[in-house]
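The file target_28.tsv comes next; it holds TSV, C-alpha atoms.
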```tsv
chain	number	residue	atom	x	y	z
A	1386	MET	CA	0.00	0.00	0.00
A	1387	ARG	CA	1.46	3.35	-0.99
A	1388	VAL	CA	1.45	6.37	1.31
A	1389	THR	CA	0.15	9.54	-0.36
A	1390	GLU	CA	0.25	13.16	0.77
A	1391	GLU	CA	-3.09	14.69	-0.22
A	1392	THR	CA	-4.11	18.30	0.32
A	1393	LYS	CA	-6.06	18.26	3.55
A	1394	PRO	CA	-9.77	19.22	3.40
A	1395	LEU	CA	-9.26	22.21	5.69
A	1396	GLN	CA	-6.69	23.73	3.31
A	1397	LYS	CA	-9.12	23.35	0.41
A	1398	ILE	CA	-11.77	25.20	2.41
A	1399	LEU	CA	-9.38	27.99	3.38
A	1400	ASP	CA	-8.31	28.36	-0.27
A	1401	ALA	CA	-11.90	28.45	-1.55
A	1402	PRO	CA	-12.54	32.25	-1.25
A	1403	ARG	CA	-9.82	32.89	-3.88
A	1404	PHE	CA	-11.94	31.07	-6.47
A	1405	ILE	CA	-15.43	32.33	-5.58
A	1406	LEU	CA	-16.45	34.91	-8.18
A	1407	SER	CA	-19.51	36.34	-6.45
A	1408	GLU	CA	-18.63	38.87	-3.74
A	1409	GLU	CA	-21.97	38.15	-2.07
A	1410	VAL	CA	-21.28	34.42	-1.87
A	1411	LYS	CA	-17.68	35.09	-0.79
A	1412	ALA	CA	-18.90	37.27	2.08
A	1413	ARG	CA	-21.51	34.68	3.07
A	1414	PHE	CA	-18.89	31.93	2.95
A	1415	GLN	CA	-16.56	33.81	5.27
A	1416	GLU	CA	-19.39	34.76	7.62
A	1417	SER	CA	-20.70	31.18	7.74
A	1418	MET	CA	-17.58	29.82	9.41
A	1419	THR	CA	-17.65	29.62	13.20
A	1420	ARG	CA	-14.45	29.16	15.16
A	1421	PHE	CA	-14.47	26.54	17.92
A	1422	MET	CA	-12.27	25.22	20.72
A	1423	ILE	CA	-13.63	21.99	22.18
A	1424	PRO	CA	-12.03	20.24	25.17
A	1425	LYS	CA	-10.85	16.63	25.07
A	1426	GLY	CA	-13.55	14.04	25.81
A	1427	ARG	CA	-16.53	16.11	24.63
A	1428	VAL	CA	-19.35	14.29	22.79
A	1429	LEU	CA	-20.47	16.43	19.85
A	1430	VAL	CA	-23.06	14.04	18.44
A	1431	ASP	CA	-24.59	11.19	20.43
A	1432	VAL	CA	-26.67	8.23	19.30
A	1433	GLY	CA	-30.15	9.49	18.42
A	1434	GLN	CA	-29.01	13.07	17.81
A	1435	VAL	CA	-28.65	14.79	14.43
A	1436	SER	CA	-25.18	15.78	13.18
A	1437	LYS	CA	-25.76	19.50	12.57
A	1438	CYS	CA	-22.25	20.74	11.73
A	1439	LEU	CA	-19.20	19.99	9.63
A	1440	TYR	CA	-16.02	20.40	11.68
A	1441	PHE	CA	-12.73	21.39	10.04
A	1442	ILE	CA	-9.91	20.55	12.43
A	1443	GLU	CA	-6.93	22.90	12.66
A	1444	LYS	CA	-5.33	21.14	15.62
A	1445	GLY	CA	-6.58	18.19	17.61
A	1446	ALA	CA	-8.19	14.79	17.09
A	1447	MET	CA	-11.68	13.32	16.97
A	1448	ARG	CA	-13.22	9.94	16.35
A	1449	THR	CA	-16.58	8.45	15.46
A	1450	TYR	CA	-17.66	5.15	16.98
A	1451	TYR	CA	-20.62	2.82	17.23
A	1452	LEU	CA	-21.74	0.53	20.01
A	1453	ARG	CA	-21.64	-3.26	19.82
A	1454	GLY	CA	-23.09	-4.48	23.07
A	1455	SER	CA	-21.06	-2.86	25.83
A	1456	GLU	CA	-18.09	-2.27	23.50
A	1457	ASP	CA	-17.50	0.83	21.38
A	1458	ILE	CA	-15.91	0.32	17.97
A	1459	THR	CA	-14.00	3.20	16.38
A	1460	SER	CA	-15.15	3.76	12.81
A	1461	LEU	CA	-13.20	6.93	11.94
A	1462	LEU	CA	-10.11	8.73	13.24
A	1463	VAL	CA	-9.38	12.31	12.13
A	1464	SER	CA	-6.89	14.99	13.12
A	1465	ASP	CA	-5.12	18.16	11.97
A	1466	GLY	CA	-6.46	19.41	8.63
A	1467	ASP	CA	-9.28	16.88	8.39
A	1468	ILE	CA	-13.03	17.31	8.10
A	1469	VAL	CA	-15.53	15.33	10.16
A	1470	CYS	CA	-19.23	14.82	10.82
A	1471	ILE	CA	-21.53	11.81	11.04
A	1472	ALA	CA	-21.97	11.73	7.26
A	1473	GLU	CA	-25.33	9.97	6.92
A	1474	SER	CA	-26.85	11.96	9.77
A	1475	PHE	CA	-25.47	15.28	8.47
A	1476	LEU	CA	-26.38	14.86	4.81
A	1477	MET	CA	-29.86	13.44	5.48
A	1478	GLN	CA	-30.48	15.32	8.74
A	1479	LYS	CA	-31.57	12.12	10.46
A	1480	ALA	CA	-30.82	10.62	13.87
A	1481	SER	CA	-27.30	9.24	14.14
A	1482	ASN	CA	-26.39	5.64	14.97
A	1483	ASP	CA	-22.83	6.73	15.78
A	1484	VAL	CA	-21.09	9.00	18.28
A	1485	LEU	CA	-18.66	11.84	17.49
A	1486	GLU	CA	-16.23	12.85	20.23
A	1487	THR	CA	-12.98	14.74	20.73
A	1488	LEU	CA	-9.85	12.76	21.65
A	1489	GLU	CA	-7.71	15.85	22.25
A	1490	ASP	CA	-8.41	19.50	22.91
A	1491	THR	CA	-9.48	20.47	19.40
A	1492	ASN	CA	-9.81	23.79	17.60
A	1493	GLY	CA	-10.84	24.80	14.10
A	1494	ILE	CA	-13.83	26.07	12.17
A	1495	SER	CA	-17.31	24.67	11.66
A	1496	ILE	CA	-20.23	25.25	9.33
A	1497	SER	CA	-23.89	24.41	9.92
A	1498	TYR	CA	-25.91	22.12	7.67
A	1499	GLU	CA	-28.18	25.00	6.64
A	1500	MET	CA	-25.28	27.21	5.58
A	1501	TYR	CA	-23.54	24.30	3.84
A	1502	ARG	CA	-26.64	23.70	1.70
A	1503	LYS	CA	-27.00	27.40	0.91
A	1504	LEU	CA	-23.42	27.72	-0.23
A	1505	VAL	CA	-23.37	24.65	-2.49
A	1506	GLN	CA	-26.69	25.64	-4.06
A	1507	GLU	CA	-25.70	29.26	-4.73
A	1508	ASP	CA	-22.14	28.99	-6.00
A	1509	VAL	CA	-20.71	26.58	-8.54
A	1510	THR	CA	-17.24	26.75	-6.95
A	1511	MET	CA	-18.58	25.67	-3.58
A	1512	ALA	CA	-20.62	22.91	-5.22
A	1513	GLY	CA	-17.47	21.70	-7.00
A	1514	LEU	CA	-15.53	21.79	-3.74
A	1515	ALA	CA	-18.21	19.70	-2.02
A	1516	VAL	CA	-17.95	17.13	-4.84
A	1517	GLN	CA	-14.14	17.05	-4.49
A	1518	LEU	CA	-14.39	16.41	-0.76
A	1519	LEU	CA	-16.97	13.67	-1.33
A	1520	GLU	CA	-14.80	12.05	-4.00
A	1521	GLN	CA	-11.78	12.08	-1.68
A	1522	HIS	CA	-13.90	10.54	1.08
A	1523	LEU	CA	-14.94	7.72	-1.29
A	1524	ILE	CA	-11.33	7.14	-2.34
A	1525	ASN	CA	-10.22	6.98	1.30
A	1526	PHE	CA	-13.05	4.55	2.09
A	1527	THR	CA	-12.09	2.32	-0.85
A	1528	GLU	CA	-8.45	2.28	0.26
A	1529	ARG	CA	-9.50	1.32	3.79
A	1530	VAL	CA	-11.61	-1.57	2.42
A	1531	LYS	CA	-8.54	-2.79	0.50
A	1532	VAL	CA	-6.44	-2.62	3.69
A	1533	PHE	CA	-8.95	-4.84	5.50
A	1534	LYS	CA	-9.38	-7.19	2.54
A	1535	TYR	CA	-5.76	-7.82	1.62
A	1536	LEU	CA	-3.67	-7.23	4.75
A	1537	SER	CA	-3.29	-9.28	7.90
A	1538	VAL	CA	-3.85	-7.62	11.28
A	1539	GLU	CA	-0.10	-7.16	11.73
A	1540	GLN	CA	0.21	-5.65	8.25
A	1541	ARG	CA	-2.77	-3.34	8.89
A	1542	ILE	CA	-1.10	-2.03	12.05
A	1543	ALA	CA	2.24	-1.50	10.31
A	1544	HIS	CA	0.47	0.24	7.42
A	1545	TYR	CA	-1.53	2.53	9.71
A	1546	ILE	CA	1.37	3.70	11.87
A	1547	SER	CA	3.41	4.49	8.75
A	1548	GLN	CA	0.81	6.97	7.49
A	1549	PRO	CA	1.48	10.73	7.91
A	1550	SER	CA	-2.02	11.06	9.38
A	1551	SER	CA	-1.49	8.28	11.96
A	1552	LEU	CA	-2.56	9.10	15.52
A	1553	PHE	CA	-0.27	6.44	16.98
A	1554	ARG	CA	1.14	7.69	20.31
A	1555	ARG	CA	-1.29	10.63	20.31
A	1556	ILE	CA	-4.35	8.65	21.43
A	1557	PRO	CA	-4.94	5.44	23.43
A	1558	ASP	CA	-4.05	2.22	21.60
A	1559	HIS	CA	-7.47	0.64	22.11
A	1560	TYR	CA	-9.11	3.28	19.88
A	1561	ILE	CA	-6.67	2.48	17.08
A	1562	ALA	CA	-7.05	-1.27	17.70
A	1563	THR	CA	-10.83	-1.29	17.20
A	1564	TYR	CA	-10.44	1.03	14.19
A	1565	LEU	CA	-8.14	-1.60	12.64
A	1566	GLY	CA	-10.48	-4.46	13.52
A	1567	THR	CA	-8.54	-6.01	16.37
A	1568	THR	CA	-8.20	-5.96	20.17
A	1569	ALA	CA	-5.89	-3.90	22.37
A	1570	ALA	CA	-4.02	-7.08	23.40
A	1571	THR	CA	-3.44	-8.15	19.80
A	1572	PHE	CA	-2.43	-4.59	18.87
A	1573	SER	CA	0.19	-4.56	21.63
A	1574	ARG	CA	1.50	-7.99	20.65
A	1575	CYS	CA	1.76	-7.00	16.97
A	1576	LEU	CA	3.68	-3.82	17.87
A	1577	LYS	CA	6.38	-5.99	19.41
A	1578	SER	CA	6.57	-8.21	16.36
A	1579	ILE	CA	7.09	-5.23	14.06
A	1580	ASN	CA	9.72	-3.75	16.38
A	1581	ILE	CA	7.78	-0.72	17.59
A	1582	ASP	CA	8.69	0.32	21.12
A	1583	LYS	CA	6.21	2.89	22.41
A	1584	ASN	CA	8.34	3.78	25.40
A	1585	ILE	CA	11.41	4.97	23.51
A	1586	ALA	CA	10.16	5.80	20.02
A	1587	THR	CA	8.94	9.32	19.36
A	1588	ARG	CA	6.90	10.83	16.59
A	1589	ALA	CA	7.64	14.19	15.03
```
For this file, produce the structure as structure tokens.
Amino acid sequence: MRVTEETKPLQKILDAPRFILSEEVKARFQESMTRFMIPKGRVLVDVGQVSKCLYFIEKGAMRTYYLRGSEDITSLLVSDGDIVCIAESFLMQKASNDVLETLEDTNGISISYEMYRKLVQEDVTMAGLAVQLLEQHLINFTERVKVFKYLSVEQRIAHYISQPSSLFRRIPDHYIATYLGTTAATFSRCLKSINIDKNIATRA
């Protein structure tokens, strides 16, 4: 699996005003963004609630997870420069089956569903940007399916921690373990077999 450096969604959003032709839409775009600073451990969307905002992360980390009995299973990990919401709940404005929470103190900008719809309906540049972000999301999802289909657990762990976007050492191992379809014990055992020592290794 190759490691690619894609332009992060947040950078695409910040660059967008340069390409919006309508001054009215440009002003509305800039006014629509709300800055946030959310402490670690805050639930932004709970099961049964509607995902009302898109969050663009400048610094920090979040995850989405679902419940399987008494266990929570991480379905998405995002950090600096990424975009996050509960996609189905946000786009359809329906009750969520997943939870969105912060894993670190997180800051960035957000946009409401109502303003998102207004912008993509009123400006072709914003509509094109929304399509680009959706396409990238589909590509990322397809690559993750390939990781699960073709790689062993040990290979999945090695692949994940080699990614520039990896949250290894930033968040608890058990979140990463369930995200990769394994247990915390197996994750720890595999780290030893691929010569990763958490206690002495550091990440830039």
(request) Have a look at A:Ile1458, A:Leu1452, A:Ala1515, A:Val1484 and name the one nearest to Thr1568 (chain A); count only C-alpha atoms. (result) A:Ile1458
Give me the residues near Lys1437 (chain A) as a PDB file with C-alpha atoms, in the coordinates of the input, where near means some atom within 6 Å (using all atoms listed in the file) and where sequence neighbours in that chain fewer than 5 positions away do not count.
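Below is the file that was written, selection.pdb:
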```
ATOM      1  CA  PHE A1475     -25.470  15.280   8.470  1.00  0.00           C
ATOM      2  CA  SER A1497     -23.890  24.410   9.920  1.00  0.00           C
ATOM      3  CA  TYR A1498     -25.910  22.120   7.670  1.00  0.00           C
TER       4      TYR A1498
END
```
(message) Given all atoms listed in the file as the basis, pick out the residue of A:Thr1510, A:Ser1464, A:Thr1567, A:Ser1547 nearest to Ile1442 (chain A).
(response) A:Ser1464
(request) Tell me, as a PyMOL selection string, which residues lie within 10 Å of Ile1546 (chain A), counting all atoms listed in the file; anything in the same chain fewer than 5 positions away does not count. (result) chain A and resi 1541+1551-1554+1561+1576+1581
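Here CA of Gly1445 (chain A) is placed at a distance of 6.5 Å from CA of Asn1492 (chain A).
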(request) Work out how far CA of Val1435 (chain A) is from CA of Val1530 (chain A), in Å to one decimal. (result)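 Answer for the CA of Val1530 (chain A) to CA of Val1435 (chain A) separation: 26.5 Å.
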Region 1451-1569 of chain A residues near region 1424-1429 of chain A within 7 Å, closest pair each, using all atoms listed in the file, as CSV:
```
residue,atom,partner,partner_atom,distance
A:Leu1485,CA,A:Leu1429,CA,5.5
A:Glu1486,CA,A:Val1428,CA,4.3
A:Thr1487,CA,A:Gly1426,CA,5.2
A:Leu1488,CA,A:Lys1425,CA,5.3
A:Glu1489,CA,A:Lys1425,CA,4.3
A:Asp1490,CA,A:Pro1424,CA,4.3
A:Thr1491,CA,A:Pro1424,CA,6.3
```
(message) Could you check which residues have any atom within 12 Å of (-9.7, -3.3, 16.0), counting all atoms listed in the file with coordinates taken straight from the file, and then list them as JSON, numbers by chain?
(response) {"A": [1450, 1456, 1457, 1458, 1459, 1460, 1461, 1533, 1537, 1538, 1539, 1541, 1542, 1545, 1558, 1559, 1560, 1561, 1562, 1563, 1564, 1565, 1566, 1567, 1568, 1569, 1570, 1571, 1572, 1573]}
